[in-house]
Amino acid sequence: MSSTIQSRRRPGVMLALATIGFAVNFWAWALLSPLAARFTTALHLSSFQQSLLVAVPVVVGSLGRIPVGALTDKFGGRIMFPLVSLATIVPVLYLGLFGHDSLAAILVGGFFLGIGGTAFAVGVPFVNAWFPPERRGFAVGVFGMGMGGTAISALTTVKLVNANSLRTPFLITAAVLAVYAVTAWLVLRDAPGRVVPSTPFAARLAATTRLRITWQASALYAVAFGGYVAFSVYLPAYLKNAYGLTQADAANRMAGFVLLAVLMRPVGGWLADRVPAARVLAAGLAVVALGAVVQAFTPGLAPLGTVAFLGMAAALGIGSGATFALVAQKAPASQVGSVTGVVGAAGGLGGFVPPLVMGSIYGSYHSYGLGLALLAVVALAALALDLFSVGRARTAVTA
């Protein structure tokens, strides 16, 4: 009896540890964003340079998901989670101890800090293998709550720096990463019967690119998760410049945005287990488009601006969860990691471009209206793709 209970509990334990690992690595991945305004003042950076500072870890973490996802298919999460966590410690310590005195030094550290962002491509195939198809949407959605690691960074980084020194948040994060890496090595186990691919990486990547679900999910995730990443890294700067908020107040409001998106991600996965994921995505994308249109006019934060931002946060969280429910349900079991890598890269890249665009637009026009209008247009284009391609080709995708 006890062995049966233990076997039933094990998927939950693995899901919890994977989610914690995702959160810890995302915490490290997002360390630079709350300090962007501080670095801008100290180093006299332009709006574009400030955007570049927070965007570099995003693009590296995004592209790195492609090989990391494929490696996870091959070696499993039990090896890859500790490996990614240990590798992330190096740039965290570098930035905290040495690499924060010039833009070039921060960009070098930020480049390697992107390793933390690849943890997403480890967790999805790892979790997916532990759960039956009818529960994968919710399970992957719960795992996706680990993206709340960015909220931990937003809530603690500036406060720790103000109370102690610039080194403090980096040293604490490095210690947490080390503890997690050891725990993951000792406790994590790959699912029994996990499908291990036997073909070379290049062949698997080529096969992944031939799957329709890869490109459909990539386009949708570039908007859903890309929008979340863009707001999570650029919202403090936006609120400071557009509304004159203090750095601490802007960081707290960004944390609220992130928290709501995080909480809604498993809701998106849960809904996609019960109704077609395309319908869930359509609702989320419509809300994002509406919220972006409202915010393009820079209304007052109380209440219209706050409602618009929170509505977009909830919709982006639901859309992100529904997208990976679609991947978990439709991708071949031996290719979930590879598909996740490509789709995750698209989502991260979707978050890389908007901060640069917003920074450039604000530098030229001292207004964010045009950038938010562009977000509305992109959300509507994704909605059209969802309704007229994904929604009408469910059978083809399943095949």
# chains A, B, ... in the order shown; residues from 1 in each chain; ligands from 1
$ closest_atom_pairs --of "range 9-84 of chain A" --to "range 105-113 of chain A" --cutoff "6 Å" --atoms "only C-alpha atoms" --output "CSV"
residue,atom,partner,partner_atom,distance
A:Trp29,CA,A:Leu113,CA,5.8
A:Val56,CA,A:Phe111,CA,5.8
A:Pro57,CA,A:Gly110,CA,5.0
$ write_last_selection --atoms "all heavy atoms" --output "PDB file, in the first residue's frame"
ATOM      1  N   TRP A  29      17.770  34.902 -13.868  1.00  0.00           N
ATOM      2  CA  TRP A  29      17.669  35.427 -15.229  1.00  0.00           C
ATOM      3  C   TRP A  29      17.182  36.878 -15.229  1.00  0.00           C
ATOM      4  O   TRP A  29      17.551  37.672 -16.105  1.00  0.00           O
ATOM      5  CB  TRP A  29      16.707  34.536 -16.019  1.00  0.00           C
ATOM      6  CG  TRP A  29      16.680  34.723 -17.494  1.00  0.00           C
ATOM      7  CD1 TRP A  29      17.745  34.959 -18.313  1.00  0.00           C
ATOM      8  CD2 TRP A  29      15.532  34.669 -18.345  1.00  0.00           C
ATOM      9  NE1 TRP A  29      17.334  35.036 -19.634  1.00  0.00           N
ATOM     10  CE2 TRP A  29      15.982  34.856 -19.666  1.00  0.00           C
ATOM     11  CE3 TRP A  29      14.186  34.442 -18.116  1.00  0.00           C
ATOM     12  CZ2 TRP A  29      15.111  34.836 -20.762  1.00  0.00           C
ATOM     13  CZ3 TRP A  29      13.318  34.421 -19.208  1.00  0.00           C
ATOM     14  CH2 TRP A  29      13.785  34.623 -20.510  1.00  0.00           C
ATOM     15  N   VAL A  56      19.405  41.553 -23.444  1.00  0.00           N
ATOM     16  CA  VAL A  56      20.430  40.564 -23.810  1.00  0.00           C
ATOM     17  C   VAL A  56      20.226  39.224 -23.104  1.00  0.00           C
ATOM     18  O   VAL A  56      20.274  38.166 -23.760  1.00  0.00           O
ATOM     19  CB  VAL A  56      21.847  41.133 -23.550  1.00  0.00           C
ATOM     20  CG1 VAL A  56      22.887  40.025 -23.559  1.00  0.00           C
ATOM     21  CG2 VAL A  56      22.188  42.166 -24.608  1.00  0.00           C
ATOM     22  N   PRO A  57      20.004  39.179 -21.781  1.00  0.00           N
ATOM     23  CA  PRO A  57      19.753  37.867 -21.160  1.00  0.00           C
ATOM     24  C   PRO A  57      18.542  37.168 -21.747  1.00  0.00           C
ATOM     25  O   PRO A  57      18.497  35.933 -21.823  1.00  0.00           O
ATOM     26  CB  PRO A  57      19.529  38.205 -19.682  1.00  0.00           C
ATOM     27  CG  PRO A  57      20.164  39.531 -19.476  1.00  0.00           C
ATOM     28  CD  PRO A  57      20.006  40.260 -20.773  1.00  0.00           C
TER      29      PRO A  57
END
$ residues_around --residues "range 241-256 of chain A" --least-positions-apart "6" --cutoff "7 Å" --atoms "only C-alpha atoms" --output "list in words"
Pro34, Ala151, Ala154, Leu155, Val158, Ser232 and Leu235 of chain A
$ write_last_selection --atoms "all heavy atoms" --output "compact mmCIF listing (two decimals), in the first residue's frame"
# COMPACT_ATOMS: atom_id res chain seq x y z
N PRO A 34 15.33 44.86 -12.56
CA PRO A 34 15.00 45.85 -11.52
C PRO A 34 16.09 46.89 -11.30
O PRO A 34 15.81 47.96 -10.75
CB PRO A 34 14.82 44.98 -10.26
CG PRO A 34 14.57 43.60 -10.75
CD PRO A 34 15.38 43.49 -12.01
N ALA A 151 9.17 37.70 -10.46
CA ALA A 151 8.54 38.50 -9.41
C ALA A 151 9.41 38.54 -8.16
O ALA A 151 9.49 39.57 -7.47
CB ALA A 151 7.15 37.95 -9.08
N ALA A 154 11.93 41.08 -8.82
CA ALA A 154 11.36 42.43 -8.78
C ALA A 154 11.11 42.91 -7.36
O ALA A 154 11.32 44.08 -7.03
CB ALA A 154 10.06 42.46 -9.59
N LEU A 155 10.66 42.00 -6.50
CA LEU A 155 10.30 42.38 -5.14
C LEU A 155 11.50 42.52 -4.20
O LEU A 155 11.43 43.26 -3.21
CB LEU A 155 9.32 41.35 -4.55
CG LEU A 155 7.90 41.34 -5.13
CD1 LEU A 155 7.14 40.13 -4.63
CD2 LEU A 155 7.17 42.63 -4.77
N VAL A 158 15.94 45.39 -5.59
CA VAL A 158 16.18 46.79 -5.24
C VAL A 158 16.24 46.97 -3.72
O VAL A 158 17.08 47.70 -3.19
CB VAL A 158 15.09 47.69 -5.85
CG1 VAL A 158 15.24 49.13 -5.35
CG2 VAL A 158 15.17 47.65 -7.38
N SER A 232 7.61 42.15 -18.18
CA SER A 232 8.31 41.85 -16.93
C SER A 232 9.69 42.50 -16.87
O SER A 232 10.18 42.81 -15.79
CB SER A 232 8.43 40.34 -16.72
OG SER A 232 9.31 39.76 -17.66
N LEU A 235 8.54 46.90 -17.84
CA LEU A 235 7.48 47.64 -17.16
C LEU A 235 8.00 48.63 -16.12
O LEU A 235 7.46 49.75 -16.01
CB LEU A 235 6.49 46.65 -16.52
CG LEU A 235 5.14 47.23 -16.09
CD1 LEU A 235 4.44 47.93 -17.24
CD2 LEU A 235 4.25 46.12 -15.52
$ residues_around --residues "range 216-230 of chain A" --least-positions-apart "2" --cutoff "6 Å" --atoms "only C-alpha atoms" --output "list in words"
Ile213, Thr214, Ser232, Val233, Tyr234, Leu316, Gly319, Ser320, Val343, Ala346, Gly347, Gly348, Gly350, Gly351, Pro354 and Pro355 of chain A
$ write_last_selection --atoms "N, CA and C atoms" --output "PDB file, in the first residue's frame"
ATOM      1  N   ILE A 213       2.857  21.831 -35.643  1.00  0.00           N
ATOM      2  CA  ILE A 213       2.639  22.350 -34.304  1.00  0.00           C
ATOM      3  C   ILE A 213       3.815  23.206 -33.835  1.00  0.00           C
ATOM      4  N   THR A 214       5.017  22.900 -34.313  1.00  0.00           N
ATOM      5  CA  THR A 214       6.185  23.688 -33.910  1.00  0.00           C
ATOM      6  C   THR A 214       6.019  25.143 -34.303  1.00  0.00           C
ATOM      7  N   SER A 232       7.609  42.148 -18.180  1.00  0.00           N
ATOM      8  CA  SER A 232       8.308  41.854 -16.926  1.00  0.00           C
ATOM      9  C   SER A 232       9.686  42.501 -16.874  1.00  0.00           C
ATOM     10  N   VAL A 233      10.325  42.710 -18.037  1.00  0.00           N
ATOM     11  CA  VAL A 233      11.645  43.337 -18.025  1.00  0.00           C
ATOM     12  C   VAL A 233      11.588  44.845 -18.262  1.00  0.00           C
ATOM     13  N   TYR A 234      10.516  45.327 -18.929  1.00  0.00           N
ATOM     14  CA  TYR A 234      10.505  46.740 -19.295  1.00  0.00           C
ATOM     15  C   TYR A 234       9.475  47.558 -18.525  1.00  0.00           C
ATOM     16  N   LEU A 316      -2.211  37.104 -20.888  1.00  0.00           N
ATOM     17  CA  LEU A 316      -0.916  36.565 -21.313  1.00  0.00           C
ATOM     18  C   LEU A 316      -0.593  35.282 -20.553  1.00  0.00           C
ATOM     19  N   GLY A 319      -2.881  32.574 -22.029  1.00  0.00           N
ATOM     20  CA  GLY A 319      -2.419  32.212 -23.368  1.00  0.00           C
ATOM     21  C   GLY A 319      -1.148  31.388 -23.343  1.00  0.00           C
ATOM     22  N   SER A 320      -0.231  31.720 -22.433  1.00  0.00           N
ATOM     23  CA  SER A 320       1.009  30.946 -22.321  1.00  0.00           C
ATOM     24  C   SER A 320       0.717  29.514 -21.882  1.00  0.00           C
ATOM     25  N   VAL A 343       9.825  26.413 -29.555  1.00  0.00           N
ATOM     26  CA  VAL A 343       8.704  27.268 -29.163  1.00  0.00           C
ATOM     27  C   VAL A 343       9.126  28.220 -28.041  1.00  0.00           C
ATOM     28  N   ALA A 346      11.102  31.017 -29.446  1.00  0.00           N
ATOM     29  CA  ALA A 346      10.234  32.000 -30.092  1.00  0.00           C
ATOM     30  C   ALA A 346       9.585  32.913 -29.060  1.00  0.00           C
ATOM     31  N   GLY A 347       9.167  32.333 -27.928  1.00  0.00           N
ATOM     32  CA  GLY A 347       8.568  33.148 -26.886  1.00  0.00           C
ATOM     33  C   GLY A 347       9.554  34.140 -26.297  1.00  0.00           C
ATOM     34  N   GLY A 348      10.764  33.674 -26.042  1.00  0.00           N
ATOM     35  CA  GLY A 348      11.775  34.569 -25.503  1.00  0.00           C
ATOM     36  C   GLY A 348      12.160  35.667 -26.472  1.00  0.00           C
ATOM     37  N   GLY A 350      10.235  36.801 -28.713  1.00  0.00           N
ATOM     38  CA  GLY A 350       9.094  37.702 -28.702  1.00  0.00           C
ATOM     39  C   GLY A 350       9.191  38.723 -27.588  1.00  0.00           C
ATOM     40  N   GLY A 351       9.890  38.368 -26.501  1.00  0.00           N
ATOM     41  CA  GLY A 351      10.112  39.311 -25.419  1.00  0.00           C
ATOM     42  C   GLY A 351      11.341  40.172 -25.601  1.00  0.00           C
ATOM     43  N   PRO A 354      10.272  43.745 -28.180  1.00  0.00           N
ATOM     44  CA  PRO A 354       9.496  44.893 -27.684  1.00  0.00           C
ATOM     45  C   PRO A 354      10.258  45.877 -26.804  1.00  0.00           C
ATOM     46  N   PRO A 355      11.111  45.434 -25.845  1.00  0.00           N
ATOM     47  CA  PRO A 355      11.834  46.443 -25.061  1.00  0.00           C
ATOM     48  C   PRO A 355      12.719  47.347 -25.915  1.00  0.00           C
TER      49      PRO A 355
END
$ residues_around --residues "range 198-206 of chain A" --least-positions-apart "5" --cutoff "10 Å" --atoms "only C-alpha atoms" --output "VMD selection string"
chain A and resid 66 to 67 70 to 71 73 to 74 211 334 to 335 338 to 339 341 to 342
$ write_last_selection --atoms "C-alpha atoms" --output "PDB file, in the first residue's frame"
ATOM      1  CA  ILE A  66      16.798  25.030 -28.602  1.00  0.00           C
ATOM      2  CA  PRO A  67      19.940  22.988 -27.762  1.00  0.00           C
ATOM      3  CA  ALA A  70      17.184  18.702 -27.359  1.00  0.00           C
ATOM      4  CA  LEU A  71      19.734  17.766 -24.688  1.00  0.00           C
ATOM      5  CA  ASP A  73      15.230  14.819 -24.652  1.00  0.00           C
ATOM      6  CA  LYS A  74      18.513  12.927 -24.705  1.00  0.00           C
ATOM      7  CA  LEU A 211       6.047  19.595 -37.508  1.00  0.00           C
ATOM      8  CA  SER A 334      10.231  11.804 -28.084  1.00  0.00           C
ATOM      9  CA  GLN A 335      10.251  15.358 -29.489  1.00  0.00           C
ATOM     10  CA  SER A 338      12.975  19.735 -29.056  1.00  0.00           C
ATOM     11  CA  VAL A 339       9.600  21.317 -29.822  1.00  0.00           C
ATOM     12  CA  GLY A 341      13.116  24.432 -27.231  1.00  0.00           C
ATOM     13  CA  VAL A 342      12.019  25.967 -30.520  1.00  0.00           C
TER      14      VAL A 342
END
$ closest_residue --among "A:Ala277, A:Ile79, A:Val58, A:Ala331" --to "Val390 in chain A" --atoms "only C-alpha atoms"
A:Ala277
$ closest_atom_pairs --of "range 246-294 of chain A" --to "range 374-378 of chain A" --cutoff "10 Å" --atoms "only C-alpha atoms" --output "tab-separated table"
residue	atom	partner	partner_atom	distance
A:Leu285	CA	A:Ala376	CA	9.2
A:Ala286	CA	A:Ala376	CA	9.0
A:Val287	CA	A:Ala376	CA	9.6
A:Val288	CA	A:Ala376	CA	7.0
A:Ala289	CA	A:Ala376	CA	4.3
A:Leu290	CA	A:Ala376	CA	7.0
A:Gly291	CA	A:Ala376	CA	7.9
A:Ala292	CA	A:Ala376	CA	5.3
A:Val293	CA	A:Ala376	CA	6.0
A:Val294	CA	A:Ala376	CA	9.5
$ atom_distance --atom1 "CA of Leu52 in chain A" --atom2 "CA of Ala18 in chain A"
29.8 Å
$ closest_residue --among "A:Gln295, A:Phe352, A:Gln329, A:Ala191" --to "Tyr368 in chain A" --atoms "only C-alpha atoms"
A:Gln295
$ residues_around --residues "range 42-46 of chain A" --least-positions-apart "5" --cutoff "10 Å" --atoms "only C-alpha atoms" --output "list in words"
Ala36, Ala37, Ser51, Leu52, Leu53, His100, Asp101, Ser102, Leu103, Gly359, Ser360 and Gly363 of chain A
$ atom_distance --atom1 "CA of Leu86 in chain A" --atom2 "CA of Phe231 in chain A"
27.5 Å
$ select_by_dssp --residues "range 177-222 of chain A" --states "helix (DSSP H, G or I)" --output "VMD selection string"
chain A and resid 177 to 187 201 to 209 212 to 222
$ closest_residue --among "A:Val161, A:Leu35, A:Val357, A:Val195" --to "Phe75 in chain A" --atoms "only C-alpha atoms"
A:Val195
$ closest_residue --among "A:Pro169, A:Pro332, A:Gly69, A:Pro125" --to "Leu31 in chain A" --atoms "only C-alpha atoms"
A:Pro169
$ residues_around --residues "range 140-150 of chain A" --least-positions-apart "2" --cutoff "6 Å" --atoms "only C-alpha atoms" --output "ChimeraX atom specification"
/A:19,22-24,26-27,30,136-138,152-153,262,265-266,269,321
$ write_last_selection --atoms "C-alpha atoms" --output "JSON list (two decimals), in the first residue's frame"
[["chain", "number", "residue", "atom", "x", "y", "z"],
["A", 19, "THR", "CA", 8.71, 24.29, -10.70],
["A", 22, "PHE", "CA", 12.35, 26.98, -12.96],
["A", 23, "ALA", "CA", 11.55, 29.77, -10.48],
["A", 24, "VAL", "CA", 15.08, 29.88, -9.06],
["A", 26, "PHE", "CA", 14.21, 32.68, -13.68],
["A", 27, "TRP", "CA", 14.97, 34.68, -10.53],
["A", 30, "ALA", "CA", 15.74, 38.57, -14.22],
["A", 136, "ARG", "CA", -0.47, 17.46, -19.11],
["A", 137, "GLY", "CA", -2.02, 20.84, -19.83],
["A", 138, "PHE", "CA", -2.59, 21.55, -16.15],
["A", 152, "ILE", "CA", 10.96, 37.38, -6.69],
["A", 153, "SER", "CA", 13.64, 39.42, -8.40],
["A", 262, "VAL", "CA", 1.88, 33.42, -13.15],
["A", 265, "ARG", "CA", -0.89, 30.17, -16.44],
["A", 266, "PRO", "CA", -2.13, 26.87, -14.91],
["A", 269, "GLY", "CA", -3.51, 24.82, -19.14],
["A", 321, "GLY", "CA", -0.52, 28.03, -20.42]]
